[in-house]
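Note: the block below is entry30.cif and it holds mmCIF, C-alpha atoms.
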data_run
#
loop_
_atom_site.group_PDB
_atom_site.id
_atom_site.type_symbol
_atom_site.label_atom_id
_atom_site.label_comp_id
_atom_site.auth_asym_id
_atom_site.auth_seq_id
_atom_site.Cartn_x
_atom_site.Cartn_y
_atom_site.Cartn_z
ATOM 1 C CA MET A 1 125.281 119.655 134.576
ATOM 2 C CA LEU A 2 121.933 120.839 135.815
ATOM 3 C CA ASN A 3 118.778 119.514 134.219
ATOM 4 C CA ALA A 4 116.353 122.206 133.062
ATOM 5 C CA SER A 5 113.646 120.718 135.237
ATOM 6 C CA GLU A 6 115.861 121.229 138.315
ATOM 7 C CA LEU A 7 116.280 124.973 137.883
ATOM 8 C CA SER A 8 114.365 127.064 140.339
ATOM 9 C CA LEU A 9 113.068 130.132 138.530
ATOM 10 C CA PRO A 10 111.337 133.053 140.238
ATOM 11 C CA SER A 11 107.598 132.963 139.835
ATOM 12 C CA LEU A 12 104.712 135.258 140.456
ATOM 13 C CA PRO A 13 103.156 135.058 143.891
ATOM 14 C CA SER A 14 100.385 132.473 143.915
ATOM 15 C CA PRO A 15 96.941 133.437 145.213
ATOM 16 C CA ARG A 16 96.169 132.713 148.852
ATOM 17 C CA LEU A 17 95.007 129.150 149.235
ATOM 18 C CA ARG A 18 92.821 127.540 151.845
ATOM 19 C CA PRO A 19 94.670 125.222 154.268
ATOM 20 C CA GLY A 20 92.981 122.171 152.744
ATOM 21 C CA ASP A 21 94.424 123.024 149.325
ATOM 22 C CA ARG A 22 97.984 122.361 150.558
ATOM 23 C CA LEU A 23 97.478 118.854 151.923
ATOM 24 C CA LEU A 24 99.474 117.306 149.083
ATOM 25 C CA GLN A 25 102.328 119.824 149.055
ATOM 26 C CA PRO A 26 104.521 118.081 151.681
ATOM 27 C CA LEU A 27 104.254 114.831 149.729
ATOM 28 C CA TRP A 28 105.103 116.548 146.448
ATOM 29 C CA ASP A 29 108.041 118.421 148.037
ATOM 30 C CA HIS A 30 109.375 115.128 149.396
ATOM 31 C CA LEU A 31 109.138 113.469 145.988
ATOM 32 C CA LEU A 32 110.917 116.351 144.256
ATOM 33 C CA LEU A 33 113.647 116.555 146.891
ATOM 34 C CA HIS A 34 114.391 112.876 147.467
ATOM 35 C CA HIS A 35 113.061 110.995 144.439
ATOM 36 C CA ARG A 36 113.417 113.377 141.494
ATOM 37 C CA PRO A 37 115.119 110.839 139.171
ATOM 38 C CA LEU A 38 112.231 108.446 139.735
ATOM 39 C CA VAL A 39 109.359 110.911 139.382
ATOM 40 C CA SER A 40 110.932 112.510 136.317
ATOM 41 C CA SER A 41 111.519 109.169 134.604
ATOM 42 C CA PRO A 42 109.351 108.438 131.544
ATOM 43 C CA PHE A 43 109.370 104.805 132.678
ATOM 44 C CA LEU A 44 107.463 105.596 135.895
ATOM 45 C CA PRO A 45 103.937 105.414 134.339
ATOM 46 C CA VAL A 46 104.804 102.042 132.774
ATOM 47 C CA MET A 47 106.124 100.712 136.094
ATOM 48 C CA LEU A 48 103.052 101.991 137.915
ATOM 49 C CA ALA A 49 100.673 100.471 135.378
ATOM 50 C CA PHE A 50 102.257 97.021 135.222
ATOM 51 C CA SER A 51 102.911 96.739 138.968
ATOM 52 C CA SER A 52 99.299 97.787 139.655
ATOM 53 C CA TYR A 53 98.061 95.134 137.237
ATOM 54 C CA PHE A 54 100.209 92.517 138.978
ATOM 55 C CA VAL A 55 99.387 93.467 142.583
ATOM 56 C CA PHE A 56 95.645 93.928 141.995
ATOM 57 C CA SER A 57 95.327 90.666 140.033
ATOM 58 C CA LEU A 58 97.257 88.419 142.397
ATOM 59 C CA PRO A 59 94.652 88.045 145.206
ATOM 60 C CA PHE A 60 91.887 87.179 142.737
ATOM 61 C CA ALA A 61 94.142 84.664 141.004
ATOM 62 C CA ALA A 62 94.649 82.988 144.380
ATOM 63 C CA LEU A 63 90.882 82.938 144.950
ATOM 64 C CA ASP A 64 90.327 81.349 141.552
ATOM 65 C CA LEU A 65 92.873 78.629 142.268
ATOM 66 C CA LEU A 66 91.373 77.930 145.699
ATOM 67 C CA GLY A 67 87.860 77.876 144.244
ATOM 68 C CA GLU A 68 85.219 76.280 146.446
ATOM 69 C CA ARG A 69 87.688 75.916 149.319
ATOM 70 C CA VAL A 70 86.933 79.578 150.066
ATOM 71 C CA PRO A 71 83.112 79.512 149.964
ATOM 72 C CA SER A 72 82.757 83.016 151.453
ATOM 73 C CA PHE A 73 84.209 84.386 148.192
ATOM 74 C CA HIS A 74 83.345 81.623 145.745
ATOM 75 C CA LYS A 75 79.620 82.218 146.269
ATOM 76 C CA TYR A 76 80.070 85.545 144.453
ATOM 77 C CA LYS A 77 81.591 83.897 141.370
ATOM 78 C CA ILE A 78 79.561 85.047 138.362
ATOM 79 C CA GLN A 79 80.202 81.920 136.283
ATOM 80 C CA PRO A 80 80.975 79.214 138.863
ATOM 81 C CA ASP A 81 81.013 76.492 136.209
ATOM 82 C CA ARG A 82 83.924 78.212 134.403
ATOM 83 C CA GLN A 83 87.002 78.203 136.614
ATOM 84 C CA PRO A 84 90.300 79.475 135.144
ATOM 85 C CA THR A 85 93.220 77.075 135.313
ATOM 86 C CA LEU A 86 96.795 77.865 136.248
ATOM 87 C CA GLY A 87 97.772 77.397 132.610
ATOM 88 C CA MET A 88 95.237 80.000 131.476
ATOM 89 C CA MET A 89 96.529 82.439 134.065
ATOM 90 C CA VAL A 90 100.172 81.945 133.065
ATOM 91 C CA LYS A 91 99.297 82.395 129.397
ATOM 92 C CA SER A 92 97.460 85.686 130.020
ATOM 93 C CA PHE A 93 100.132 87.067 132.334
ATOM 94 C CA MET A 94 102.974 86.171 129.964
ATOM 95 C CA ALA A 95 101.127 87.808 127.067
ATOM 96 C CA ALA A 96 100.890 91.049 129.055
ATOM 97 C CA PHE A 97 104.497 90.780 130.262
ATOM 98 C CA LEU A 98 105.960 90.166 126.808
ATOM 99 C CA ASN A 99 103.855 92.955 125.290
ATOM 100 C CA HIS A 100 105.371 95.379 127.783
ATOM 101 C CA ILE A 101 108.922 94.133 127.227
ATOM 102 C CA PHE A 102 108.863 94.109 123.431
ATOM 103 C CA PHE A 103 106.445 96.945 122.617
ATOM 104 C CA VAL A 104 105.660 99.290 125.526
ATOM 105 C CA LEU A 105 109.214 99.828 126.767
ATOM 106 C CA PRO A 106 110.638 100.373 123.239
ATOM 107 C CA ALA A 107 107.842 102.890 122.592
ATOM 108 C CA VAL A 108 108.905 104.794 125.727
ATOM 109 C CA VAL A 109 112.538 104.795 124.578
ATOM 110 C CA ILE A 110 111.545 106.138 121.150
ATOM 111 C CA GLY A 111 109.484 108.839 122.848
ATOM 112 C CA MET A 112 112.507 109.852 124.925
ATOM 113 C CA LEU A 113 114.520 110.362 121.737
ATOM 114 C CA PHE A 114 112.002 112.597 119.981
ATOM 115 C CA LEU A 115 109.943 114.290 122.699
ATOM 116 C CA PRO A 116 111.212 116.845 125.226
ATOM 117 C CA ALA A 117 111.122 115.827 128.861
ATOM 118 C CA PRO A 118 108.257 117.625 130.626
ATOM 119 C CA ALA A 119 109.242 119.937 133.469
ATOM 120 C CA LEU A 120 107.945 119.062 136.909
ATOM 121 C CA PRO A 121 105.874 121.802 138.569
ATOM 122 C CA GLN A 122 106.945 123.034 141.984
ATOM 123 C CA GLU A 123 103.403 123.130 143.364
ATOM 124 C CA ALA A 124 101.294 120.113 144.170
ATOM 125 C CA PRO A 125 97.724 119.925 142.898
ATOM 126 C CA THR A 126 94.933 120.761 145.285
ATOM 127 C CA LEU A 127 92.669 117.898 146.298
ATOM 128 C CA TYR A 128 89.963 119.411 144.097
ATOM 129 C CA GLU A 129 92.328 119.509 141.108
ATOM 130 C CA LEU A 130 93.487 115.941 141.686
ATOM 131 C CA VAL A 131 89.922 114.608 141.841
ATOM 132 C CA THR A 132 88.575 116.626 138.896
ATOM 133 C CA GLN A 133 91.595 115.951 136.681
ATOM 134 C CA SER A 134 91.439 112.229 137.438
ATOM 135 C CA LEU A 135 87.695 112.095 136.803
ATOM 136 C CA ALA A 136 88.036 114.039 133.546
ATOM 137 C CA SER A 137 90.747 111.629 132.345
ATOM 138 C CA LEU A 138 88.592 108.612 133.178
ATOM 139 C CA LEU A 139 85.535 110.058 131.446
ATOM 140 C CA LEU A 140 87.499 110.970 128.318
ATOM 141 C CA PHE A 141 89.118 107.537 128.093
ATOM 142 C CA ASP A 142 85.765 105.861 128.750
ATOM 143 C CA THR A 143 84.278 107.716 125.763
ATOM 144 C CA GLN A 144 87.211 106.939 123.478
ATOM 145 C CA TYR A 145 87.274 103.260 124.316
ATOM 146 C CA PHE A 146 83.493 102.914 124.085
ATOM 147 C CA ILE A 147 83.590 104.166 120.472
ATOM 148 C CA TRP A 148 86.670 102.075 119.607
ATOM 149 C CA HIS A 149 85.162 98.998 121.268
ATOM 150 C CA LEU A 150 81.816 99.378 119.507
ATOM 151 C CA VAL A 151 83.448 99.767 116.077
ATOM 152 C CA HIS A 152 85.691 96.722 116.591
ATOM 153 C CA HIS A 153 82.724 94.546 117.499
ATOM 154 C CA LYS A 154 80.661 95.789 114.555
ATOM 155 C CA GLN A 155 83.411 95.258 111.977
ATOM 156 C CA PRO A 156 84.249 91.515 111.709
ATOM 157 C CA GLN A 157 87.736 92.032 110.287
ATOM 158 C CA LEU A 158 88.719 94.518 112.978
ATOM 159 C CA TYR A 159 87.348 92.211 115.637
ATOM 160 C CA ARG A 160 89.176 89.200 114.233
ATOM 161 C CA TRP A 161 92.583 90.844 113.819
ATOM 162 C CA VAL A 162 92.585 93.304 116.725
ATOM 163 C CA HIS A 163 90.110 92.619 119.524
ATOM 164 C CA ALA A 164 89.452 88.853 119.425
ATOM 165 C CA VAL A 165 92.591 88.198 121.506
ATOM 166 C CA HIS A 166 90.877 89.744 124.514
ATOM 167 C CA HIS A 167 87.794 87.569 124.013
ATOM 168 C CA GLU A 168 89.566 84.228 124.137
ATOM 169 C CA TYR A 169 87.698 83.454 127.371
ATOM 170 C CA THR A 170 83.942 83.873 127.867
ATOM 171 C CA ALA A 171 84.508 83.968 131.620
ATOM 172 C CA PRO A 172 87.127 86.680 132.335
ATOM 173 C CA PHE A 173 89.564 86.459 135.235
ATOM 174 C CA SER A 174 91.987 88.960 136.735
ATOM 175 C CA TRP A 175 95.082 88.056 134.679
ATOM 176 C CA SER A 176 93.068 88.339 131.443
ATOM 177 C CA THR A 177 92.685 92.092 132.028
ATOM 178 C CA GLU A 178 95.697 92.907 129.854
ATOM 179 C CA GLN A 179 95.520 90.024 127.409
ATOM 180 C CA LEU A 180 95.489 92.352 124.406
ATOM 181 C CA SER A 181 96.676 92.362 120.834
ATOM 182 C CA ILE A 182 99.508 94.737 119.967
ATOM 183 C CA PRO A 183 97.231 97.222 118.094
ATOM 184 C CA GLU A 184 94.803 97.351 121.019
ATOM 185 C CA LEU A 185 97.621 97.709 123.551
ATOM 186 C CA MET A 186 99.196 100.588 121.626
ATOM 187 C CA THR A 187 95.825 102.314 121.145
ATOM 188 C CA VAL A 188 94.978 102.087 124.830
ATOM 189 C CA GLY A 189 98.501 103.201 125.735
ATOM 190 C CA PHE A 190 98.330 106.191 123.389
ATOM 191 C CA TRP A 191 95.071 107.446 124.895
ATOM 192 C CA SER A 192 96.247 106.788 128.442
ATOM 193 C CA ASN A 193 99.330 108.928 127.854
ATOM 194 C CA MET A 194 97.834 111.675 125.684
ATOM 195 C CA ASP A 195 94.573 112.337 127.539
ATOM 196 C CA PRO A 196 96.252 113.755 130.690
ATOM 197 C CA VAL A 197 98.473 115.925 128.484
ATOM 198 C CA LEU A 198 95.464 117.297 126.600
ATOM 199 C CA LEU A 199 93.703 117.940 129.910
ATOM 200 C CA LYS A 200 96.871 119.524 131.408
ATOM 201 C CA CYS A 201 96.845 117.223 134.405
ATOM 202 C CA HIS A 202 99.396 117.455 137.196
ATOM 203 C CA PRO A 203 101.862 114.518 137.279
ATOM 204 C CA LEU A 204 100.479 113.454 140.656
ATOM 205 C CA SER A 205 96.998 113.311 139.131
ATOM 206 C CA ILE A 206 98.355 111.266 136.220
ATOM 207 C CA TRP A 207 99.905 108.691 138.534
ATOM 208 C CA CYS A 208 96.747 108.472 140.635
ATOM 209 C CA VAL A 209 94.501 107.950 137.618
ATOM 210 C CA THR A 210 96.945 105.360 136.229
ATOM 211 C CA VAL A 211 96.692 103.251 139.380
ATOM 212 C CA PHE A 212 92.946 103.823 139.828
ATOM 213 C CA SER A 213 92.106 102.977 136.211
ATOM 214 C CA LEU A 214 94.091 99.736 136.530
ATOM 215 C CA TRP A 215 92.083 98.866 139.616
ATOM 216 C CA LEU A 216 88.843 99.520 137.733
ATOM 217 C CA SER A 217 90.062 97.410 134.805
ATOM 218 C CA VAL A 218 91.097 94.485 136.987
ATOM 219 C CA GLU A 219 87.876 94.721 138.993
ATOM 220 C CA ASP A 220 85.943 94.536 135.704
ATOM 221 C CA HIS A 221 87.608 91.224 134.849
ATOM 222 C CA VAL A 222 87.784 89.375 138.162
ATOM 223 C CA GLY A 223 84.603 87.394 137.555
ATOM 224 C CA TYR A 224 83.218 88.042 141.029
ATOM 225 C CA ASP A 225 80.160 90.170 141.811
ATOM 226 C CA LEU A 226 81.479 91.272 145.199
ATOM 227 C CA PRO A 227 79.033 93.371 147.267
ATOM 228 C CA TRP A 228 81.835 95.730 148.357
ATOM 229 C CA ALA A 229 83.115 96.346 144.811
ATOM 230 C CA LEU A 230 83.094 99.929 143.548
ATOM 231 C CA ASN A 231 80.167 99.357 141.180
ATOM 232 C CA HIS A 232 78.039 98.642 144.269
ATOM 233 C CA LEU A 233 79.521 101.445 146.384
ATOM 234 C CA VAL A 234 79.153 104.191 143.750
ATOM 235 C CA PRO A 235 75.448 105.168 143.626
ATOM 236 C CA PHE A 236 72.967 105.130 140.723
ATOM 237 C CA GLY A 237 74.765 102.331 138.892
ATOM 238 C CA LEU A 238 77.277 104.777 137.420
ATOM 239 C CA LEU A 239 79.980 102.098 137.241
ATOM 240 C CA GLY A 240 79.475 98.867 135.342
ATOM 241 C CA GLY A 241 82.049 96.781 137.183
ATOM 242 C CA ALA A 242 82.486 93.016 136.928
ATOM 243 C CA PRO A 243 78.775 92.255 136.351
ATOM 244 C CA ALA A 244 78.629 94.456 133.240
ATOM 245 C CA HIS A 245 81.936 93.333 131.759
ATOM 246 C CA ASP A 246 81.345 89.679 132.506
ATOM 247 C CA MET A 247 78.086 89.965 130.564
ATOM 248 C CA HIS A 248 80.036 91.572 127.714
ATOM 249 C CA HIS A 249 82.228 88.471 127.486
ATOM 250 C CA GLN A 250 79.095 86.307 127.527
ATOM 251 C CA ARG A 251 77.201 88.566 125.098
ATOM 252 C CA PRO A 252 79.817 90.566 123.133
ATOM 253 C CA SER A 253 77.200 92.820 121.507
ATOM 254 C CA ARG A 254 76.446 94.508 124.840
ATOM 255 C CA ASN A 255 78.187 96.586 127.548
ATOM 256 C CA TYR A 256 80.998 98.194 125.537
ATOM 257 C CA ALA A 257 82.079 100.889 128.023
ATOM 258 C CA PRO A 258 85.132 100.036 130.126
ATOM 259 C CA PHE A 259 84.237 101.862 133.342
ATOM 260 C CA PHE A 260 81.029 103.865 133.406
ATOM 261 C CA SER A 261 77.527 102.864 132.316
ATOM 262 C CA HIS A 262 76.106 106.045 130.752
ATOM 263 C CA TRP A 263 77.200 105.426 127.145
ATOM 264 C CA ASP A 264 75.698 101.940 127.072
ATOM 265 C CA ARG A 265 72.462 103.284 128.535
ATOM 266 C CA ILE A 266 72.317 106.084 125.978
ATOM 267 C CA SER A 267 73.156 103.714 123.103
ATOM 268 C CA GLY A 268 70.793 100.982 124.218
ATOM 269 C CA THR A 269 73.614 98.461 124.554
ATOM 270 C CA ALA A 270 73.391 97.986 128.326
ATOM 271 C CA VAL A 271 72.386 94.579 129.631
ATOM 272 C CA ALA A 272 72.089 93.449 133.238
ATOM 273 C CA LEU A 273 73.925 90.524 134.744
ATOM 274 C CA LYS A 274 72.353 87.097 134.638
ATOM 275 C CA LYS A 275 74.378 85.054 137.034
ATOM 276 C CA LYS A 276 74.990 81.464 136.046
ATOM 277 C CA THR A 277 74.569 78.642 138.522
ATOM 278 C CA ARG A 278 76.757 75.561 138.708
ATOM 279 C CA THR A 279 75.515 72.742 136.537
ATOM 280 C CA LYS A 280 75.390 69.333 138.193
#
Show how you would write the structure in this file as structure tokens.
Amino acid sequence: MLNASELSLPSLPSPRLRPGDRLLQPLWDHLLLHHRPLVSSPFLPVMLAFSSYFVFSLPFAALDLLGERVPSFHKYKIQPDRQPTLGMMVKSFMAAFLNHIFFVLPAVVIGMLFLPAPALPQEAPTLYELVTQSLASLLLFDTQYFIWHLVHHKQPQLYRWVHAVHHEYTAPFSWSTEQLSIPELMTVGFWSNMDPVLLKCHPLSIWCVTVFSLWLSVEDHVGYDLPWALNHLVPFGLLGGAPAHDMHHQRPSRNYAPFFSHWDRISGTAVALKKKTRTK
């Protein structure tokens, strides 16, 4: 039996596009032709998110365990006197893993039972659409989480029961990126899934922003102020990066935004990094 998303219906002729607008079409055609079950699976965003978290975190976990034996990297450690242990890393990773097994995956299954499967478009997004859709999703999520984050730090009960799990460590490390309580995990997951739908993003844009936002999140938590990190490469200090988020864990009443810096600047909650030195 044919799936509705596999039916090829006649469509109106599309407007003439510039050659550069079709750069992604061969990739999208290949995915639809050879990997349709995968790209149409509701589990794909979950797999992308968790695998990105794992792959992006692993190198920084190795650097933390090696510590001063890799001085070319260790010199960029923001809090060199606070080194995560293997036990801390395992605890954070297992918390994220179990949350996905017992809460995220069941939520996807429930969604499959009650929500119709979205049809896959035949056309790929243009590069302009991919970039603007991804940026719009990031900006919308950044605003939502800034407000949520601010409220949970201002209300002691909310902080204690919902957000305190993420603040177990005053010196964040890569595996602590997704050490979240269940309410926070489900809130973040809801926005991450609904924002692209509200913005009518192409599936390819959704997958790109999923991976890129995980990179930004991990980079925020690595605990290294690397000179080649995105917050240094993007001009005008538009991204907070590890320096801003590390300061948030040191001073929880500052730097609430997850990615960008504009809301903290507007709200007067931005604070610059004060790097700690090793105590003898």
Would you kindly translate the PyMOL selection byres ((chain A and resi 204-218) around 7) into the concrete residues it picks from this file, as an mmCIF file with C-alpha atoms, in the coordinates of the input?
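Contents of selection.cif, as written:
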data_model
loop_
_atom_site.group_PDB
_atom_site.id
_atom_site.type_symbol
_atom_site.label_atom_id
_atom_site.label_comp_id
_atom_site.auth_asym_id
_atom_site.auth_seq_id
_atom_site.Cartn_x
_atom_site.Cartn_y
_atom_site.Cartn_z
ATOM 1 C CA PRO A 45 103.937 105.414 134.339
ATOM 2 C CA LEU A 48 103.052 101.991 137.915
ATOM 3 C CA ALA A 49 100.673 100.471 135.378
ATOM 4 C CA SER A 52 99.299 97.787 139.655
ATOM 5 C CA TYR A 53 98.061 95.134 137.237
ATOM 6 C CA PHE A 56 95.645 93.928 141.995
ATOM 7 C CA SER A 57 95.327 90.666 140.033
ATOM 8 C CA LEU A 130 93.487 115.941 141.686
ATOM 9 C CA GLN A 133 91.595 115.951 136.681
ATOM 10 C CA SER A 134 91.439 112.229 137.438
ATOM 11 C CA SER A 174 91.987 88.960 136.735
ATOM 12 C CA THR A 177 92.685 92.092 132.028
ATOM 13 C CA PRO A 196 96.252 113.755 130.690
ATOM 14 C CA CYS A 201 96.845 117.223 134.405
ATOM 15 C CA HIS A 202 99.396 117.455 137.196
ATOM 16 C CA PRO A 203 101.862 114.518 137.279
ATOM 17 C CA GLU A 219 87.876 94.721 138.993
ATOM 18 C CA ASP A 220 85.943 94.536 135.704
ATOM 19 C CA HIS A 221 87.608 91.224 134.849
ATOM 20 C CA VAL A 222 87.784 89.375 138.162
ATOM 21 C CA PHE A 259 84.237 101.862 133.342
#
Near segment 223-241 of chain A, 12 Å: segment 103-161 of chain A residue rows, closest pairs, all atoms listed in the file, as JSON lines:
{"residue": "A:Leu138", "atom": "CA", "partner": "A:Leu239", "partner_atom": "CA", "distance": 11.5}
{"residue": "A:Leu139", "atom": "CA", "partner": "A:Leu239", "partner_atom": "CA", "distance": 11.3}
{"residue": "A:Asp142", "atom": "CA", "partner": "A:Leu239", "partner_atom": "CA", "distance": 10.9}
Could you save those same residues with C-alpha atoms as an mmCIF file, keeping the file's coordinate frame?
data_model
loop_
_atom_site.group_PDB
_atom_site.id
_atom_site.type_symbol
_atom_site.label_atom_id
_atom_site.label_comp_id
_atom_site.auth_asym_id
_atom_site.auth_seq_id
_atom_site.Cartn_x
_atom_site.Cartn_y
_atom_site.Cartn_z
ATOM 1 C CA LEU A 138 88.592 108.612 133.178
ATOM 2 C CA LEU A 139 85.535 110.058 131.446
ATOM 3 C CA ASP A 142 85.765 105.861 128.750
#
| message | Can you translate the PyMOL selection byres ((chain A and resi 165) around 8) into the concrete residues it hits in this file, as a list in words? | response | Val162, His163, Ala164, His166, His167, Glu168, Gln179, Leu180 and Ser181 of chain A
| said: Which residue is closest to His30 of chain A? Choose from A:Val271, A:Leu140, A:Ile147, A:Ala124 and count only C-alpha atoms. | reply: A:Ala124
| field | atom CA of Thr132 of chain A to atom CA of Val55 of chain A, straight-line distance in Å | value | 25.8 Å
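Atom CA of Pro258 of chain A lies 8.7 Å from atom CA of Phe141 of chain A.
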| When distances are computed from all atoms listed in the file, which of A:Arg160, A:Trp263, A:Pro42, A:Ser137 shows the smallest separation from Pro116 of chain A? |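 Of A:Arg160, A:Trp263, A:Pro42, A:Ser137, the one nearest Pro116 of chain A is A:Pro42, counting all atoms listed in the file.
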Translate the PyMOL selection byres ((chain A and resi 66-76) around 12) into a concrete residue list for this structure, as a CSV table (one decimal) with C-alpha atoms, keeping the file's coordinate frame.
chain,number,residue,atom,x,y,z
A,59,PRO,CA,94.7,88.0,145.2
A,60,PHE,CA,91.9,87.2,142.7
A,61,ALA,CA,94.1,84.7,141.0
A,62,ALA,CA,94.6,83.0,144.4
A,63,LEU,CA,90.9,82.9,145.0
A,64,ASP,CA,90.3,81.3,141.6
A,65,LEU,CA,92.9,78.6,142.3
A,77,LYS,CA,81.6,83.9,141.4
A,78,ILE,CA,79.6,85.0,138.4
A,79,GLN,CA,80.2,81.9,136.3
A,80,PRO,CA,81.0,79.2,138.9
A,81,ASP,CA,81.0,76.5,136.2
A,82,ARG,CA,83.9,78.2,134.4
A,83,GLN,CA,87.0,78.2,136.6
A,84,PRO,CA,90.3,79.5,135.1
A,85,THR,CA,93.2,77.1,135.3
A,86,LEU,CA,96.8,77.9,136.2
A,222,VAL,CA,87.8,89.4,138.2
A,223,GLY,CA,84.6,87.4,137.6
A,224,TYR,CA,83.2,88.0,141.0
A,225,ASP,CA,80.2,90.2,141.8
A,226,LEU,CA,81.5,91.3,145.2
A,227,PRO,CA,79.0,93.4,147.3
A,228,TRP,CA,81.8,95.7,148.4
A,229,ALA,CA,83.1,96.3,144.8
A,242,ALA,CA,82.5,93.0,136.9
A,243,PRO,CA,78.8,92.3,136.4
A,275,LYS,CA,74.4,85.1,137.0
A,276,LYS,CA,75.0,81.5,136.0
A,277,THR,CA,74.6,78.6,138.5
A,278,ARG,CA,76.8,75.6,138.7
| query | Interatomic distance between atom CA of Phe102 of chain A and atom CA of Ile182 of chain A? | reply |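 We find that atom CA of Phe102 of chain A and atom CA of Ile182 of chain A lie 10.0 Å from each other.
Each of A:Leu23, A:Val109, A:Ala244, A:Ala119 was compared to Arg36 of chain A using all atoms listed in the file, and A:Ala119 turns out to be the nearest.
Candidate residues A:Leu158, A:Leu105, A:Leu32, A:Leu273 were compared for distance to Glu123 of chain A, and the nearest is A:Leu32, using all atoms listed in the file.
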